[in-house]
Amino acid sequence: MMRTKLLPILASPCCKAEIRLEGFNNETGDSKVSEGILTCVACQTEYPIINGIPRFVIELSEEEKSALSNIKSQGLVIREQTKNDDVSSEDIYKKIERIIREYEAPHAGKSEYAKQKYEKDLNYRIYGCEIQDKFVNTLKKYYTGSMGTFVDVGAGQGGLTKCFNEYFKSELSIIVDYDIKWVKVAQLRNPNTDIFRGDATRLPFKDGTIDFVMSQAMLEHIKDYSKAANELCRITKKVSFISWNPNKYSIYDFGHLEAPVTLLPKSIAPQVAKWWHGLRKTGRSYESIVAELNSTFYIATTHIKKIMQNYGVVHNVFTEFGMNSLKSEYTHHAGSLKKLLKKMPFVARLFFSTLAFLKIEPICYYILIKQDKA
C-alpha cells in the first residue's frame with residue numbers, strides 16, 4: 001500500500017513538477033492507499049495506484065489503462081488498508097517459488113548443465129538473495145546514523161532490500177522496478193516497503209530527497225544507462241550505491257552470457273558466445289544468446305564514475321566488497337578461485353586491488369557521497 005506521507009518527496013517523472021493525490025486531504029494525516037490517481041500539477045499526466053502500487057510509467061499497459069478507467073468511474077475512491085492476517089515465512093516462500101517457477105520455467109533449458117543452473121538460480125532467487133551481509137558490511141561504514149528514506153531501484157526479487165531494511169531500519173523504504181512480475185515477488189518479501197512501478201531513467205522523486213539510493217545489477221539492462229545513472233545521483237540526499245556487471249573492460253561476461261564478449265560488436269558477439277557455449281557443452285541456444293545480448297549493455301567502469309563525480313565524492317569499493325564476499329558464508333557463484341583466495345587474504349586483497357587499479361574489475365561497485373552545494 002502506498003503511504004500518503006511519501007507525497008512531499010514525489011515528483012512527476014515527465015517534468016519533475018509536484019504531484020497530488022486526487023481526493024486526498026493532506027490534513028487527514030498518513031493513510032495507506034490501495035486505489036487512486038496521482039496527477040502532475042503541471043502537465044496533468046495521471047499515474048494510477050493499482051493494488052497499492054503507483055504506476056509511474058509514461059506508457060501504461062492495457063491492464064493498467066483499464067484499471068485507471070475503473071478508478072475514475074468509482075469517483076477516485078481511496079481505500080484504506082485493512083489489517084492482514086499473519087502469514088508464516090514458509091507460506092511466503094512457497095508463494096514466491098510458485099511465481100518464480102511460473103516466470104522462469106520456459107527458460108530453464110533442456111541440457112543437464114542448464115537444468116542444474118536453473119535449480120541453483122531458483123534457490124538463489126527464493127532464499128539466497130536475502131543473504132547479503134557482504135553488501136551491508138561494505139556499505140555500513142559509508143552511512144551512519146538514522147535513515148529517513150531508502151530507495152532500491154531495480155530491486156528484482158527484493159532480497160537485498162529486505163537485508164538493508166533489517167539492518168538500517170529506514171523510516172520509509174521504497175522499491176522501484178519496471179518489471180511488474182518481479183514487483184509481485186518483492187512485495188511478498190517486503191510487506192512494509194512501498195512498491196513503485198517506475199522507469200530508472202525517469203524516477204518519481206524530487207532532487208536530493210532520498211537519504212540512501214541503491215541500484216544493484218540493474219544498470220546493465222537499461223539502454224540509456226547514462227540517464228539512469230544521473231537519475232540515481234539526482235535524487236540522492238546523502239549516499240548512493242551503484243553496482244553493475246560486467247565491466248566492459250573485464251572482457252568476460254560473468255552472470256549473463258558467461259562468455260568473453262564484452263569488447264565485441266553486437267554483430268559478432270552472438271557467434272563467439274555460441275562457439276564458447278558449444279565448447280563448454282552447456283546446451284545454451286543461439287536464440288537465448290541473442291535475447292540476452294539484446295537486453296544487456298556493457299558499461300565501462302570509468303563512464304559511470306565520471307557521471308557520479310558530478311554530484312560528489314566517489315569511492316570504488318570493489319576491493320572492500322571482494323574481501324567481505326570471501327568472508328560471507330553464502331556465495332551464489334563460489335568458484336575454485338574464490339575458495340583459493342579465501343585461504344590467502346593478503347593475496348586476495350592484492351588481487352582485487354590490482355583489478356580495480358587497472359579498471360578491469362568484473363563487477364563494478366561505486367559509492368557516491370553527496371556534497372552539499374554552497
# chains A, B, ... in the order shown; residues from 1 in each chain; ligands from 1
call {"tool": "closest_atom_pairs", "arguments": {"of": "region 144-181 of chain A", "to": "region 122-131 of chain A", "cutoff": "9 Å", "atoms": "only C-alpha atoms", "output": "JSON lines"}}
result
{"residue": "A:Gln157", "atom": "CA", "partner": "A:Arg125", "partner_atom": "CA", "distance": 6.6}
{"residue": "A:Gly158", "atom": "CA", "partner": "A:Cys129", "partner_atom": "CA", "distance": 7.8}
{"residue": "A:Gly159", "atom": "CA", "partner": "A:Glu130", "partner_atom": "CA", "distance": 4.1}
{"residue": "A:Leu160", "atom": "CA", "partner": "A:Glu130", "partner_atom": "CA", "distance": 5.7}
{"residue": "A:Thr161", "atom": "CA", "partner": "A:Glu130", "partner_atom": "CA", "distance": 8.1}
{"residue": "A:Lys162", "atom": "CA", "partner": "A:Glu130", "partner_atom": "CA", "distance": 6.6}
{"residue": "A:Cys163", "atom": "CA", "partner": "A:Glu130", "partner_atom": "CA", "distance": 5.9}
call {"tool": "write_last_selection", "arguments": {"atoms": "all heavy atoms", "output": "compact mmCIF listing (two decimals), in the first residue's frame"}}
result
# COMPACT_ATOMS: atom_id res chain seq x y z
N GLN A 157 13.90 -9.32 -7.09
CA GLN A 157 13.17 -10.13 -6.12
C GLN A 157 13.07 -9.48 -4.75
O GLN A 157 12.38 -10.00 -3.87
CB GLN A 157 13.83 -11.50 -5.96
CG GLN A 157 13.87 -12.33 -7.21
CD GLN A 157 15.11 -12.08 -8.05
OE1 GLN A 157 15.04 -12.13 -9.27
NE2 GLN A 157 16.25 -11.85 -7.45
N GLY A 158 13.79 -8.39 -4.52
CA GLY A 158 13.67 -7.65 -3.26
C GLY A 158 14.46 -8.21 -2.10
O GLY A 158 14.28 -7.78 -0.96
N GLY A 159 15.38 -9.14 -2.36
CA GLY A 159 16.17 -9.74 -1.28
C GLY A 159 17.13 -8.76 -0.63
O GLY A 159 17.23 -8.70 0.60
N LEU A 160 17.84 -7.99 -1.44
CA LEU A 160 18.79 -7.02 -0.90
C LEU A 160 18.05 -5.92 -0.14
O LEU A 160 18.53 -5.42 0.87
CB LEU A 160 19.63 -6.42 -2.04
CG LEU A 160 20.77 -5.48 -1.63
CD1 LEU A 160 21.68 -6.14 -0.61
CD2 LEU A 160 21.57 -5.07 -2.86
N THR A 161 16.88 -5.55 -0.63
CA THR A 161 16.05 -4.56 0.06
C THR A 161 15.71 -5.03 1.47
O THR A 161 15.82 -4.28 2.45
CB THR A 161 14.74 -4.30 -0.71
OG1 THR A 161 15.04 -3.97 -2.05
CG2 THR A 161 13.94 -3.19 -0.07
N LYS A 162 15.29 -6.28 1.58
CA LYS A 162 14.94 -6.84 2.88
C LYS A 162 16.13 -6.82 3.83
O LYS A 162 16.01 -6.44 5.01
CB LYS A 162 14.42 -8.27 2.72
CG LYS A 162 14.00 -8.92 4.03
CD LYS A 162 13.43 -10.30 3.81
CE LYS A 162 13.01 -10.92 5.14
NZ LYS A 162 12.43 -12.27 4.96
N CYS A 163 17.29 -7.20 3.31
CA CYS A 163 18.51 -7.21 4.12
C CYS A 163 18.84 -5.82 4.63
O CYS A 163 19.17 -5.64 5.80
CB CYS A 163 19.67 -7.78 3.30
SG CYS A 163 21.21 -7.96 4.20
call {"tool": "select_by_dssp", "arguments": {"residues": "region 243-315 of chain A", "states": "alpha helix (DSSP H)", "output": "count of residues only"}}
result
30
call {"tool": "select_by_dssp", "arguments": {"residues": "region 15-255 of chain A", "states": "strand (DSSP E)", "output": "VMD selection string"}}
result
chain A and resid 19 to 21 32 to 33 36 to 40 46 to 50 53 to 56 149 to 153 172 to 177 194 to 198 210 to 216 236 to 244
call {"tool": "write_last_selection", "arguments": {"atoms": "C-alpha atoms", "output": "short mmCIF file (atom, residue, chain, number, x, y, z; two decimals), in the first residue's frame"}}
result
data_model
loop_
_atom_site.label_atom_id
_atom_site.label_comp_id
_atom_site.auth_asym_id
_atom_site.auth_seq_id
_atom_site.Cartn_x
_atom_site.Cartn_y
_atom_site.Cartn_z
CA ILE A 19 2.03 15.70 -7.95
CA ARG A 20 -1.19 15.48 -5.97
CA LEU A 21 -3.34 12.55 -4.91
CA LYS A 32 -2.30 3.72 3.07
CA VAL A 33 -3.85 3.83 -0.38
CA GLY A 36 -6.26 6.18 -6.52
CA ILE A 37 -4.76 8.59 -9.04
CA LEU A 38 -1.66 10.74 -8.73
CA THR A 39 -1.74 13.75 -11.04
CA CYS A 40 1.03 16.11 -12.11
CA GLU A 46 -2.11 10.73 -14.46
CA TYR A 47 -0.39 7.90 -12.61
CA PRO A 48 -2.80 5.29 -11.22
CA ILE A 49 -2.31 3.47 -7.93
CA ILE A 50 -3.39 -0.11 -8.57
CA ILE A 53 1.36 0.10 -6.35
CA PRO A 54 1.74 3.50 -8.07
CA ARG A 55 2.43 3.13 -11.80
CA PHE A 56 4.97 5.87 -12.55
CA THR A 149 14.30 7.31 3.26
CA PHE A 150 15.75 4.34 1.40
CA VAL A 151 15.10 3.57 -2.28
CA ASP A 152 16.17 0.43 -4.15
CA VAL A 153 15.91 0.93 -7.92
CA LEU A 172 10.48 5.00 4.65
CA SER A 173 11.56 2.18 2.34
CA ILE A 174 10.70 2.13 -1.37
CA ILE A 175 11.32 -0.31 -4.22
CA VAL A 176 11.19 0.95 -7.82
CA ASP A 177 11.09 -1.61 -10.61
CA ASP A 194 6.30 0.78 -0.66
CA ILE A 195 6.47 -0.69 -4.17
CA PHE A 196 6.51 1.56 -7.24
CA ARG A 197 6.41 0.53 -10.86
CA GLY A 198 8.75 3.02 -12.48
CA ILE A 210 16.38 10.21 -0.66
CA ASP A 211 18.89 9.52 2.11
CA PHE A 212 20.21 6.27 0.63
CA VAL A 213 19.74 5.28 -3.02
CA MET A 214 20.74 1.81 -4.16
CA SER A 215 20.89 0.10 -7.53
CA GLN A 216 22.44 -3.34 -7.89
CA THR A 236 20.30 11.28 -3.63
CA LYS A 237 20.46 13.34 -0.46
CA LYS A 238 23.38 11.61 1.27
CA VAL A 239 24.63 8.33 -0.22
CA SER A 240 24.10 6.43 -3.45
CA PHE A 241 25.41 2.93 -4.17
CA ILE A 242 25.53 1.83 -7.82
CA SER A 243 26.66 -1.63 -8.86
CA TRP A 244 26.50 -3.34 -12.24
#
call {"tool": "residues_around", "arguments": {"residues": "region 324-327 of chain A", "least_positions_apart": "3", "cutoff": "10 Å", "atoms": "only C-alpha atoms", "output": "list in words"}}
result
Gln132, Asp133, Lys134, Phe135, Val136, Asn137, Thr138, Phe318, Thr319, Glu320, Phe321, Tyr330, Thr331, Ala334, Lys338, Lys339, Leu340, Leu341, Lys342, Lys343, Pro345 and Ala348 of chain A
call {"tool": "residues_around", "arguments": {"residues": "Asn316 (chain A)", "least_positions_apart": "6", "cutoff": "9 Å", "atoms": "only C-alpha atoms", "output": "ChimeraX atom specification"}}
result
/A:305,356,364-367
call {"tool": "write_last_selection", "arguments": {"atoms": "C-alpha atoms", "output": "PDB file, in the first residue's frame"}}
result
ATOM      1  CA  LYS A 305      32.317   7.092 -12.288  1.00  0.00           C
ATOM      2  CA  ALA A 356      40.441  -2.101  -9.584  1.00  0.00           C
ATOM      3  CA  CYS A 364      31.599  -2.561 -10.534  1.00  0.00           C
ATOM      4  CA  TYR A 365      30.822  -1.230  -7.042  1.00  0.00           C
ATOM      5  CA  TYR A 366      30.711   2.543  -6.562  1.00  0.00           C
ATOM      6  CA  ILE A 367      29.534   4.739  -3.700  1.00  0.00           C
TER       7      ILE A 367
END
call {"tool": "closest_residue", "arguments": {"among": "A:Tyr249, A:Ser61, A:Thr209, A:Leu139", "to": "Asp179 (chain A)", "atoms": "only C-alpha atoms"}}
result
A:Ser61
call {"tool": "residues_around", "arguments": {"residues": "Leu188 (chain A)", "least_positions_apart": "2", "cutoff": "10 Å", "atoms": "only C-alpha atoms", "output": "PyMOL selection string"}}
result
chain A and resi 89+92-93+95-96+157-158+183-186+190-193
call {"tool": "write_last_selection", "arguments": {"atoms": "all heavy atoms", "output": "CSV table (one decimal), in the first residue's frame"}}
result
chain,number,residue,atom,x,y,z
A,89,SER,N,6.4,-17.3,7.3
A,89,SER,CA,7.5,-17.2,6.4
A,89,SER,C,7.5,-18.3,5.4
A,89,SER,O,7.8,-18.2,4.2
A,89,SER,CB,8.9,-17.2,7.1
A,89,SER,OG,9.0,-16.1,7.9
A,92,ILE,N,5.0,-17.6,2.7
A,92,ILE,CA,5.5,-16.6,1.8
A,92,ILE,C,6.5,-17.1,0.8
A,92,ILE,O,6.4,-16.8,-0.4
A,92,ILE,CB,6.2,-15.4,2.6
A,92,ILE,CG1,5.1,-14.7,3.4
A,92,ILE,CG2,7.0,-14.5,1.7
A,92,ILE,CD1,5.7,-13.6,4.4
A,93,TYR,N,7.4,-18.0,1.2
A,93,TYR,CA,8.4,-18.5,0.3
A,93,TYR,C,7.8,-19.5,-0.7
A,93,TYR,O,8.3,-19.6,-1.8
A,93,TYR,CB,9.5,-19.2,1.1
A,93,TYR,CG,10.5,-18.2,1.8
A,93,TYR,CD1,10.7,-18.3,3.2
A,93,TYR,CD2,11.1,-17.3,1.1
A,93,TYR,CE1,11.5,-17.4,3.9
A,93,TYR,CE2,12.0,-16.4,1.7
A,93,TYR,CZ,12.1,-16.4,3.1
A,93,TYR,OH,13.0,-15.5,3.7
A,95,LYS,N,4.8,-19.1,-1.9
A,95,LYS,CA,4.2,-18.2,-2.9
A,95,LYS,C,5.3,-17.7,-3.9
A,95,LYS,O,5.1,-17.6,-5.1
A,95,LYS,CB,3.5,-17.1,-2.3
A,95,LYS,CG,2.2,-17.5,-1.5
A,95,LYS,CD,1.5,-16.3,-0.9
A,95,LYS,CE,0.2,-16.7,-0.2
A,95,LYS,NZ,-0.4,-15.6,0.5
A,96,ILE,N,6.4,-17.3,-3.3
A,96,ILE,CA,7.5,-16.7,-4.1
A,96,ILE,C,8.0,-17.8,-5.1
A,96,ILE,O,8.2,-17.5,-6.3
A,96,ILE,CB,8.6,-16.2,-3.2
A,96,ILE,CG1,8.2,-15.0,-2.5
A,96,ILE,CG2,9.9,-16.0,-4.0
A,96,ILE,CD1,9.2,-14.5,-1.4
A,157,GLN,N,13.9,-9.3,-7.1
A,157,GLN,CA,13.2,-10.1,-6.1
A,157,GLN,C,13.1,-9.5,-4.7
A,157,GLN,O,12.4,-10.0,-3.9
A,157,GLN,CB,13.8,-11.5,-6.0
A,157,GLN,CG,13.9,-12.3,-7.2
A,157,GLN,CD,15.1,-12.1,-8.1
A,157,GLN,OE1,15.0,-12.1,-9.3
A,157,GLN,NE2,16.2,-11.9,-7.4
A,158,GLY,N,13.8,-8.4,-4.5
A,158,GLY,CA,13.7,-7.6,-3.3
A,158,GLY,C,14.5,-8.2,-2.1
A,158,GLY,O,14.3,-7.8,-1.0
A,183,VAL,N,8.0,-7.2,-9.2
A,183,VAL,CA,7.4,-6.4,-8.2
A,183,VAL,C,6.5,-7.2,-7.3
A,183,VAL,O,6.5,-7.0,-6.1
A,183,VAL,CB,6.6,-5.2,-8.8
A,183,VAL,CG1,5.6,-4.6,-7.8
A,183,VAL,CG2,7.5,-4.2,-9.4
A,184,LYS,N,5.8,-8.2,-7.8
A,184,LYS,CA,5.0,-9.1,-7.0
A,184,LYS,C,5.8,-9.9,-6.0
A,184,LYS,O,5.4,-10.0,-4.9
A,184,LYS,CB,4.2,-10.1,-8.0
A,184,LYS,CG,3.2,-9.4,-8.9
A,184,LYS,CD,2.6,-10.4,-9.8
A,184,LYS,CE,1.6,-9.8,-10.8
A,184,LYS,NZ,1.1,-10.8,-11.8
A,185,VAL,N,6.9,-10.4,-6.4
A,185,VAL,CA,7.8,-11.1,-5.5
A,185,VAL,C,8.4,-10.2,-4.5
A,185,VAL,O,8.4,-10.5,-3.3
A,185,VAL,CB,8.9,-11.8,-6.3
A,185,VAL,CG1,9.9,-12.4,-5.4
A,185,VAL,CG2,8.4,-12.8,-7.3
A,186,ALA,N,8.8,-9.0,-4.9
A,186,ALA,CA,9.4,-8.1,-3.9
A,186,ALA,C,8.4,-7.6,-2.9
A,186,ALA,O,8.7,-7.4,-1.7
A,186,ALA,CB,9.9,-6.8,-4.7
A,190,ASN,N,8.7,-8.0,1.1
A,190,ASN,CA,8.9,-6.8,1.9
A,190,ASN,C,7.5,-6.1,2.0
A,190,ASN,O,7.2,-5.1,1.4
A,190,ASN,CB,9.8,-5.8,1.1
A,190,ASN,CG,11.2,-6.3,0.9
A,190,ASN,OD1,12.0,-6.2,1.8
A,190,ASN,ND2,11.4,-7.0,-0.2
A,191,PRO,N,6.7,-6.7,2.9
A,191,PRO,CA,5.3,-6.2,3.1
A,191,PRO,C,5.2,-4.8,3.6
A,191,PRO,O,4.2,-4.1,3.4
A,191,PRO,CB,4.6,-7.2,4.0
A,191,PRO,CG,5.8,-7.8,4.8
A,191,PRO,CD,6.9,-7.8,3.8
A,192,ASN,N,6.2,-4.3,4.3
A,192,ASN,CA,6.2,-3.0,4.9
A,192,ASN,C,7.0,-1.9,4.0
A,192,ASN,O,7.2,-0.8,4.5
A,192,ASN,CB,6.8,-3.0,6.3
A,192,ASN,CG,6.0,-3.8,7.2
A,192,ASN,OD1,4.8,-3.8,7.2
A,192,ASN,ND2,6.7,-4.6,8.1
A,193,THR,N,7.3,-2.3,2.8
A,193,THR,CA,8.0,-1.5,1.9
A,193,THR,C,7.1,-1.0,0.8
A,193,THR,O,6.3,-1.8,0.3
A,193,THR,CB,9.2,-2.2,1.3
A,193,THR,OG1,10.2,-2.4,2.3
A,193,THR,CG2,9.9,-1.4,0.2
call {"tool": "atom_distance", "arguments": {"atom1": "CA of Gln44 (chain A)", "atom2": "CA of Asp224 (chain A)"}}
result
25.5 Å
call {"tool": "closest_residue", "arguments": {"among": "A:Glu97, A:Asp121, A:Glu64, A:Glu35", "to": "Glu22 (chain A)", "atoms": "only C-alpha atoms"}}
result
A:Glu35
